[in-house]
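Novice: Following this message is one structure expressed as structure tokens.
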Amino acid sequence: MQTFLKQYLGVLRTTIGSGNLKFFYRFFIFLFLLILVYTFLFHQLQEMEGREHSWFTGFYWTLVTMTTLGYGDIVFTTDLGRIFSLCVLLTGLTTLIIVLPVAFVEFIYRPWLSAHSIARAPRALDPAYQEHVVITHHDEVTSSLAARLKQYGNDYVFIIPNLDEALLLHDRGLNVVYGDLDNAETYRYANVDQAALVVATGKDTLNTSIAFTIRNINKDIPILATANSPDSVDILELAGCTHVIQLGQQMGQLLARLASSVDSMSHVLGNVEDLMVADASIVDTPLIGKTLRETRLRELTGVTVVGVWERGRFHVIAPDTPLTERMILVLLGTESQITSYNELFAIYNVSDPPIVIIGGGRVGRSAGGTLVERGLDYRIIEQQVDRIRDEKHYVLGDAADIETMKKAGLMDAPTVIITSHEDDMNIYLTIYCRKLRPDIQIITRAKEERNVEALHRAGADFVMSYASMGANIILNLLKRNDIVMITEGLNFFRVRLPRELAGRTIAESQVYPETGCYIAAVFTGKESIVSPPPSMKLSTGCEILLIGTIEAENRYLERYGKRT
């Protein structure tokens, strides 16, 4: 109770302030003097009408009239007296009925609510929390990160400086500490000394301040920060950040790597130890029309086709499944096996027209740079003149204008990459591009994870979101998961074999029928077995590489618990 009263008085002082407090005092002095004047005038007018009353009776009549109670026990009989009564009544309506309730709400009730909210907001984390992740901002990326950490059994806490936001997140069941980001005590209350990682995803200047503040109290904890500007990377590292990631740049690189319609070579998306995950288009190759068994890809190159990606859907295909030109193969193999595949199919589907990139921001420029590294040409459509870097690779104009699209070469381009940061605009442009070119490969980004499915329905072949990409990067840096994000909603992830599956064959384990996750490889410690046969017995202590959608991954975690 004493703590709440202290907080209430503190909020009251902050709310009123010195200027408002003077007004408050002056108002009550004015009101008191006004009542005295009305009491004096009441006596004068009553004497004029031939009646006498005590001073207390005059004070009583003034208050009763100003508060509009009007008992009627004392009335004026002359017009002058009635006019005076109306003046007193109207003054009371203005002061007592209107001003006082407003003052009560502003200076009494609202500070009470604020003090109650402050008292309810968590200011310290349970001391039992250890090896948790401290997150200094709540946004799309960290929201996805918190959900993934919870799934894997890892603790986290958000540090939120805004009271309303802190209470909102707390009421939603998230772990929150309310406090200022530039206050070292806030991080002590968040058990930063026992944390595994600090994540800062705000503005570059604020992230720098956060890192500098934490380094003053803890020299060893890993700090991961995002950087919007390349110039901020060095400054953030000097402030104490151990990892600095540029999500815009990485998003552009990832979108560019997904451009598979320009040739028939495989393009590496990531790796797990010595195994590489790659995708490959089969447009204009002899693979079209053949079954997976008939292609003899494993015999000829050593790579394993673990599935296909077709218009936003991943499928694990059977050996007798015929391949179509809309399918993109998902390959798993060593570096030499991937190279063998490229040597076999490099001569097919060589495309000269440039790839069209819509949007010349950080993501679009990064995508263009990655395409150049792959030896591919591009054209960026951009509306803002100050973003035009050179006339060769940029087209000034609106992507919604068909003439601008034609000038950029959309009608001949094998792929269009949409990089707008607004999901509704990306859906609009996806529908537009699919209408203009039904056969073009469309790659786009999503700001919100909930809009990924809508973008697929609009016609996008690949969709990537900041939230999932950022969360996976942070999880990998936390060294708790080996995740390769193929595209939005489809991951490779490595886990230790659950105890209940030891001694069973892959067929007997029922992992795929029960969860939807496909066992792509088995790591025994001595060797890596890619695409193991269903008859292979799983031994205690081995690790397995799974491929699956987010839903399948969640079912696996629910069935077998967190990753170990």
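If you're wondering about the labels, chains in the structure tokens are A, B, ... by order shown, residues count from 1 in each chain, ligands from 1 in order shown.
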Which residues come within 7 Å of Ala211 in chain A, counting only C-alpha atoms, excluding same-chain residues fewer than 3 positions away, as a list in words?

Specialist: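 In the requested form, the answer reads Asn207, Thr208, Ile214, Arg215, Ile223, Ala239, Gly240 and Cys241 of chain A.
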
Novice: Using only C-alpha atoms, which protein or nucleic acid residues come within 7 Å of range 457-471 of chain A? Drop anything in the same chain fewer than 5 positions from it, and give the result as a list in words.

Specialist: Glu140, Val141, Thr142, Ser144, Leu145, Leu247, Arg311, Gly312, Ile427, Thr430, Ile431, Arg434, Gln441, Ile442, Ile443, Thr444, Arg445, Ala446, Lys447, Glu448, Glu449, Val452, Thr487 and Glu488 of chain A

Novice: Find the residues around range 529-534 of chain A up to 10 Å (only C-alpha atoms counted), leave out those fewer than 4 positions away in its own chain, and share them as an MDAnalysis selection string.

Specialist: chainID A and resid 275 302:306 332:334 505:509 518:524 544:545

Novice: Using DSSP assignments from the backbone, pull out every residue in range 47-171 of chain A that falls under helix (DSSP H, G or I) and give it to me as a VMD selection string.

Specialist: chain A and resid 47 to 48 55 to 66 79 to 120 140 to 151 163 to 171

Novice: Using only C-alpha atoms, which of the listed residues (A:Leu557, A:Thr291, A:Val192, A:Glu373) sits closest to Lys150 in chain A?

Specialist: A:Leu557

Novice: Name all residues at most 9 Å from range 198-200 of chain A (count only C-alpha atoms; drop same-chain ones fewer than 6 positions away) and give them as a list in words.

Specialist: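 The residues that qualify are His132, Val133, Val134, Ile135, Thr136, His137, Thr142, Val192, Leu206, Asn207, Ile210, Ala211, Ile221, Pro222, Ile223, Leu224, Ala225, Thr226 and Ile474 of chain A.
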
Novice: Please compute the CA of Gly375 in chain A-CA of His456 in chain A distance, one decimal, in Å.

Specialist: 28.2 Å

Novice: Need the shell around Glu391 in chain A: protein/DNA/RNA residues with any atom at most 10 Å away, counting only C-alpha atoms. Skip same-chain ones fewer than 3 positions apart. Format as a PyMOL selection string?

Specialist: chain A and resi 379-380+388+394-396

Novice: One decimal, Å: what's the distance from CA of Cys517 in chain A over to CA of Asn491 in chain A, could you say?

Specialist: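 Between these atoms lies a distance of 9.8 Å.
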
Novice: Write out as a CSV table (one decimal) with N, CA and C atoms, in the first residue's frame which residues come within 12 Å of Leu86 in chain A when counting only C-alpha atoms, dropping same-chain ones fewer than 3 positions away.

Specialist:
```csv
chain,number,residue,atom,x,y,z
A,38,TYR,N,-20.8,36.4,-3.4
A,38,TYR,CA,-22.3,36.1,-3.6
A,38,TYR,C,-23.0,36.1,-2.3
A,62,THR,N,-25.9,30.2,-1.2
A,62,THR,CA,-25.0,30.3,-2.3
A,62,THR,C,-24.5,29.0,-2.8
A,65,THR,N,-27.4,27.0,-4.4
A,65,THR,CA,-27.8,27.5,-5.7
A,65,THR,C,-26.7,27.1,-6.8
A,66,MET,N,-25.4,27.3,-6.4
A,66,MET,CA,-24.3,27.0,-7.3
A,66,MET,C,-24.3,25.6,-7.7
A,68,THR,N,-26.8,23.7,-8.0
A,68,THR,CA,-28.1,23.5,-8.7
A,68,THR,C,-29.1,22.6,-7.9
A,70,GLY,N,-31.0,23.7,-5.2
A,70,GLY,CA,-32.2,24.5,-5.2
A,70,GLY,C,-33.3,24.0,-4.3
A,75,VAL,N,-36.2,32.0,-1.3
A,75,VAL,CA,-36.3,32.5,-2.7
A,75,VAL,C,-36.4,34.0,-2.7
A,76,PHE,N,-36.1,34.6,-3.8
A,76,PHE,CA,-36.2,36.0,-4.0
A,76,PHE,C,-37.6,36.3,-4.7
A,79,ASP,N,-37.5,40.9,-9.3
A,79,ASP,CA,-36.8,40.6,-10.5
A,79,ASP,C,-35.3,40.7,-10.3
A,80,LEU,N,-34.9,41.7,-9.6
A,80,LEU,CA,-33.5,41.9,-9.4
A,80,LEU,C,-32.9,40.6,-8.6
A,81,GLY,N,-33.6,40.2,-7.6
A,81,GLY,CA,-33.2,39.0,-6.9
A,81,GLY,C,-33.2,37.8,-7.7
A,82,ARG,N,-34.2,37.6,-8.6
A,82,ARG,CA,-34.2,36.5,-9.5
A,82,ARG,C,-33.1,36.5,-10.5
A,83,ILE,N,-32.7,37.7,-11.0
A,83,ILE,CA,-31.6,37.8,-11.9
A,83,ILE,C,-30.3,37.4,-11.2
A,89,LEU,N,-26.5,30.7,-10.3
A,89,LEU,CA,-26.8,29.4,-10.9
A,89,LEU,C,-25.8,29.1,-12.1
A,90,LEU,N,-25.7,30.1,-13.0
A,90,LEU,CA,-24.9,29.9,-14.2
A,90,LEU,C,-23.4,29.8,-13.8
A,91,THR,N,-23.0,30.6,-12.8
A,91,THR,CA,-21.6,30.6,-12.3
A,91,THR,C,-21.3,29.2,-11.7
A,92,GLY,N,-22.3,28.7,-11.0
A,92,GLY,CA,-22.1,27.3,-10.4
A,92,GLY,C,-22.0,26.3,-11.4
A,93,LEU,N,-22.8,26.3,-12.5
A,93,LEU,CA,-22.7,25.3,-13.6
A,93,LEU,C,-21.3,25.3,-14.2
```

Novice: Considering only C-alpha atoms, can you say which of A:Ile357, A:Leu292, A:Leu436, A:Cys87 comes closest to Val416 in chain A?

Specialist: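 Counting only C-alpha atoms, the residue closest to Val416 in chain A is A:Ile357.
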
Novice: Extract, using only C-alpha atoms, all DNA, RNA and protein residues at most 10 Å from Leu125 in chain A, discarding same-chain residues fewer than 3 positions from it, and format them as a list in words.

Specialist: Pro122, Ala128, Tyr129, Tyr156, Val157, Asn175, Val176, Val177, Tyr178, Thr186, Tyr187, Arg188, Tyr189, Ala190, Asn191 and Val192 of chain A

Novice: Could you tell me which of A:Val363, A:Ala552, A:Leu31, A:Ala346 comes closest to Met251 in chain A if we count only C-alpha atoms?

Specialist: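 Result for the nearest residue to Met251 in chain A: A:Val363.
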
Novice: Give me, as a ChimeraX atom specification, the residues of range 160-368 of chain A that a backbone DSSP run labels strand (DSSP E).

Specialist: /A:160,176-178,197-200,223-226,243-245,266-272,275-281,304-310,313-315,328-333,355-358

Novice: Grab the residues selected above and save them as a compact mmCIF listing (two decimals), in the first residue's frame with N, CA and C atoms.

Specialist:
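The resulting result_19.txt:
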```txt
# COMPACT_ATOMS: atom_id res chain seq x y z
N ILE A 160 10.52 -3.02 -22.17
CA ILE A 160 9.65 -2.06 -22.85
C ILE A 160 9.61 -0.76 -22.05
N VAL A 176 7.71 -9.57 -19.71
CA VAL A 176 8.01 -8.15 -19.90
C VAL A 176 8.64 -7.57 -18.63
N VAL A 177 9.60 -6.67 -18.83
CA VAL A 177 10.11 -5.82 -17.77
C VAL A 177 9.93 -4.38 -18.23
N TYR A 178 9.28 -3.57 -17.41
CA TYR A 178 9.04 -2.16 -17.73
C TYR A 178 10.19 -1.33 -17.19
N LEU A 197 21.83 -13.99 -24.31
CA LEU A 197 21.96 -13.09 -25.46
C LEU A 197 21.09 -11.87 -25.23
N VAL A 198 21.54 -10.72 -25.73
CA VAL A 198 20.73 -9.50 -25.78
C VAL A 198 20.47 -9.17 -27.25
N VAL A 199 19.22 -8.88 -27.58
CA VAL A 199 18.83 -8.58 -28.96
C VAL A 199 18.25 -7.17 -29.01
N ALA A 200 18.83 -6.32 -29.84
CA ALA A 200 18.36 -4.94 -30.02
C ALA A 200 18.03 -4.72 -31.49
N ILE A 223 25.86 -9.54 -27.55
CA ILE A 223 24.84 -8.55 -27.92
C ILE A 223 24.66 -8.57 -29.43
N LEU A 224 23.44 -8.81 -29.86
CA LEU A 224 23.13 -8.78 -31.29
C LEU A 224 22.27 -7.55 -31.58
N ALA A 225 22.67 -6.79 -32.59
CA ALA A 225 21.92 -5.59 -32.96
C ALA A 225 21.70 -5.58 -34.46
N THR A 226 20.60 -4.98 -34.88
CA THR A 226 20.35 -4.78 -36.31
C THR A 226 20.85 -3.39 -36.68
N HIS A 243 27.49 -9.08 -32.52
CA HIS A 243 26.92 -9.43 -33.83
C HIS A 243 26.09 -8.25 -34.33
N VAL A 244 26.33 -7.84 -35.55
CA VAL A 244 25.54 -6.79 -36.18
C VAL A 244 25.02 -7.32 -37.50
N ILE A 245 23.71 -7.35 -37.69
CA ILE A 245 23.13 -7.87 -38.91
C ILE A 245 22.32 -6.77 -39.61
N SER A 266 21.98 -25.16 -60.09
CA SER A 266 21.49 -25.11 -58.71
C SER A 266 22.07 -23.89 -58.01
N HIS A 267 21.34 -23.39 -57.03
CA HIS A 267 21.76 -22.21 -56.29
C HIS A 267 21.68 -22.53 -54.80
N VAL A 268 22.82 -22.44 -54.15
CA VAL A 268 22.93 -22.84 -52.75
C VAL A 268 22.17 -21.85 -51.86
N LEU A 269 21.31 -22.39 -51.00
CA LEU A 269 20.53 -21.58 -50.07
C LEU A 269 21.12 -21.57 -48.66
N GLY A 270 21.89 -22.60 -48.35
CA GLY A 270 22.49 -22.70 -47.03
C GLY A 270 23.18 -24.04 -46.88
N ASN A 271 23.74 -24.26 -45.72
CA ASN A 271 24.43 -25.53 -45.50
C ASN A 271 24.31 -25.96 -44.05
N VAL A 272 24.35 -27.26 -43.85
CA VAL A 272 24.40 -27.87 -42.52
C VAL A 272 25.64 -28.75 -42.51
N LEU A 275 26.97 -30.53 -45.73
CA LEU A 275 25.86 -30.72 -46.67
C LEU A 275 25.30 -29.37 -47.09
N MET A 276 25.03 -29.22 -48.38
CA MET A 276 24.48 -27.99 -48.92
C MET A 276 23.04 -28.20 -49.34
N VAL A 277 22.23 -27.16 -49.09
CA VAL A 277 20.84 -27.15 -49.54
C VAL A 277 20.77 -26.18 -50.72
N ALA A 278 20.23 -26.64 -51.83
CA ALA A 278 20.17 -25.82 -53.04
C ALA A 278 18.84 -26.02 -53.73
N ASP A 279 18.49 -25.06 -54.59
CA ASP A 279 17.31 -25.24 -55.44
C ASP A 279 17.74 -25.12 -56.89
N ALA A 280 16.92 -25.68 -57.78
CA ALA A 280 17.27 -25.66 -59.20
C ALA A 280 16.00 -25.72 -60.04
N SER A 281 15.93 -24.82 -61.03
CA SER A 281 14.82 -24.84 -61.98
C SER A 281 15.08 -25.90 -63.04
N THR A 304 20.72 -35.51 -53.87
CA THR A 304 19.44 -36.11 -53.52
C THR A 304 18.35 -35.06 -53.68
N VAL A 305 17.30 -35.41 -54.39
CA VAL A 305 16.13 -34.54 -54.50
C VAL A 305 15.22 -34.84 -53.31
N VAL A 306 15.20 -33.93 -52.35
CA VAL A 306 14.40 -34.18 -51.14
C VAL A 306 12.97 -33.71 -51.32
N GLY A 307 12.69 -32.97 -52.39
CA GLY A 307 11.33 -32.50 -52.64
C GLY A 307 11.32 -31.47 -53.76
N VAL A 308 10.16 -30.92 -54.02
CA VAL A 308 10.01 -29.88 -55.04
C VAL A 308 9.20 -28.74 -54.45
N TRP A 309 9.47 -27.56 -54.97
CA TRP A 309 8.73 -26.36 -54.60
C TRP A 309 7.91 -25.95 -55.81
N GLU A 310 6.58 -25.86 -55.62
CA GLU A 310 5.71 -25.57 -56.75
C GLU A 310 4.64 -24.57 -56.32
N ARG A 313 4.19 -24.10 -52.56
CA ARG A 313 3.94 -25.32 -51.80
C ARG A 313 5.11 -26.28 -51.96
N PHE A 314 5.57 -26.82 -50.84
CA PHE A 314 6.64 -27.82 -50.88
C PHE A 314 6.02 -29.20 -50.84
N HIS A 315 6.56 -30.10 -51.66
CA HIS A 315 6.07 -31.47 -51.70
C HIS A 315 7.25 -32.43 -51.64
N ILE A 328 10.41 -26.64 -58.94
CA ILE A 328 11.78 -26.26 -58.60
C ILE A 328 12.31 -27.32 -57.64
N LEU A 329 13.38 -27.99 -58.04
CA LEU A 329 13.92 -29.07 -57.23
C LEU A 329 14.63 -28.52 -56.00
N VAL A 330 14.45 -29.19 -54.88
CA VAL A 330 15.20 -28.89 -53.66
C VAL A 330 16.21 -30.00 -53.49
N LEU A 331 17.50 -29.63 -53.57
CA LEU A 331 18.58 -30.60 -53.61
C LEU A 331 19.36 -30.58 -52.31
N LEU A 332 19.92 -31.74 -51.97
CA LEU A 332 20.77 -31.88 -50.80
C LEU A 332 22.00 -32.68 -51.22
N GLY A 333 23.18 -32.14 -50.93
CA GLY A 333 24.40 -32.84 -51.30
C GLY A 333 25.64 -32.11 -50.84
N ILE A 355 16.78 -9.42 -64.99
CA ILE A 355 15.75 -9.62 -63.98
C ILE A 355 15.23 -8.24 -63.56
N VAL A 356 13.92 -8.15 -63.37
CA VAL A 356 13.30 -6.89 -62.97
C VAL A 356 13.15 -6.87 -61.45
N ILE A 357 13.62 -5.78 -60.85
CA ILE A 357 13.48 -5.58 -59.41
C ILE A 357 12.60 -4.35 -59.20
N ILE A 358 11.52 -4.50 -58.46
CA ILE A 358 10.62 -3.38 -58.18
C ILE A 358 10.95 -2.83 -56.80
```

Novice: Return the single residue from A:Ser143, A:Arg362, A:Ser336, A:Thr295 that is closest to Ser229 in chain A, with distances computed using only C-alpha atoms.

Specialist: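 Among A:Ser143, A:Arg362, A:Ser336, A:Thr295, it is A:Arg362 that comes nearest to Ser229 in chain A.
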
Novice: Using only C-alpha atoms, which of A:Asp398, A:Cys542, A:Ala147, A:Glu299 sits nearest Leu429 in chain A?

Specialist: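 Among A:Asp398, A:Cys542, A:Ala147, A:Glu299, it is A:Asp398 that comes nearest to Leu429 in chain A.
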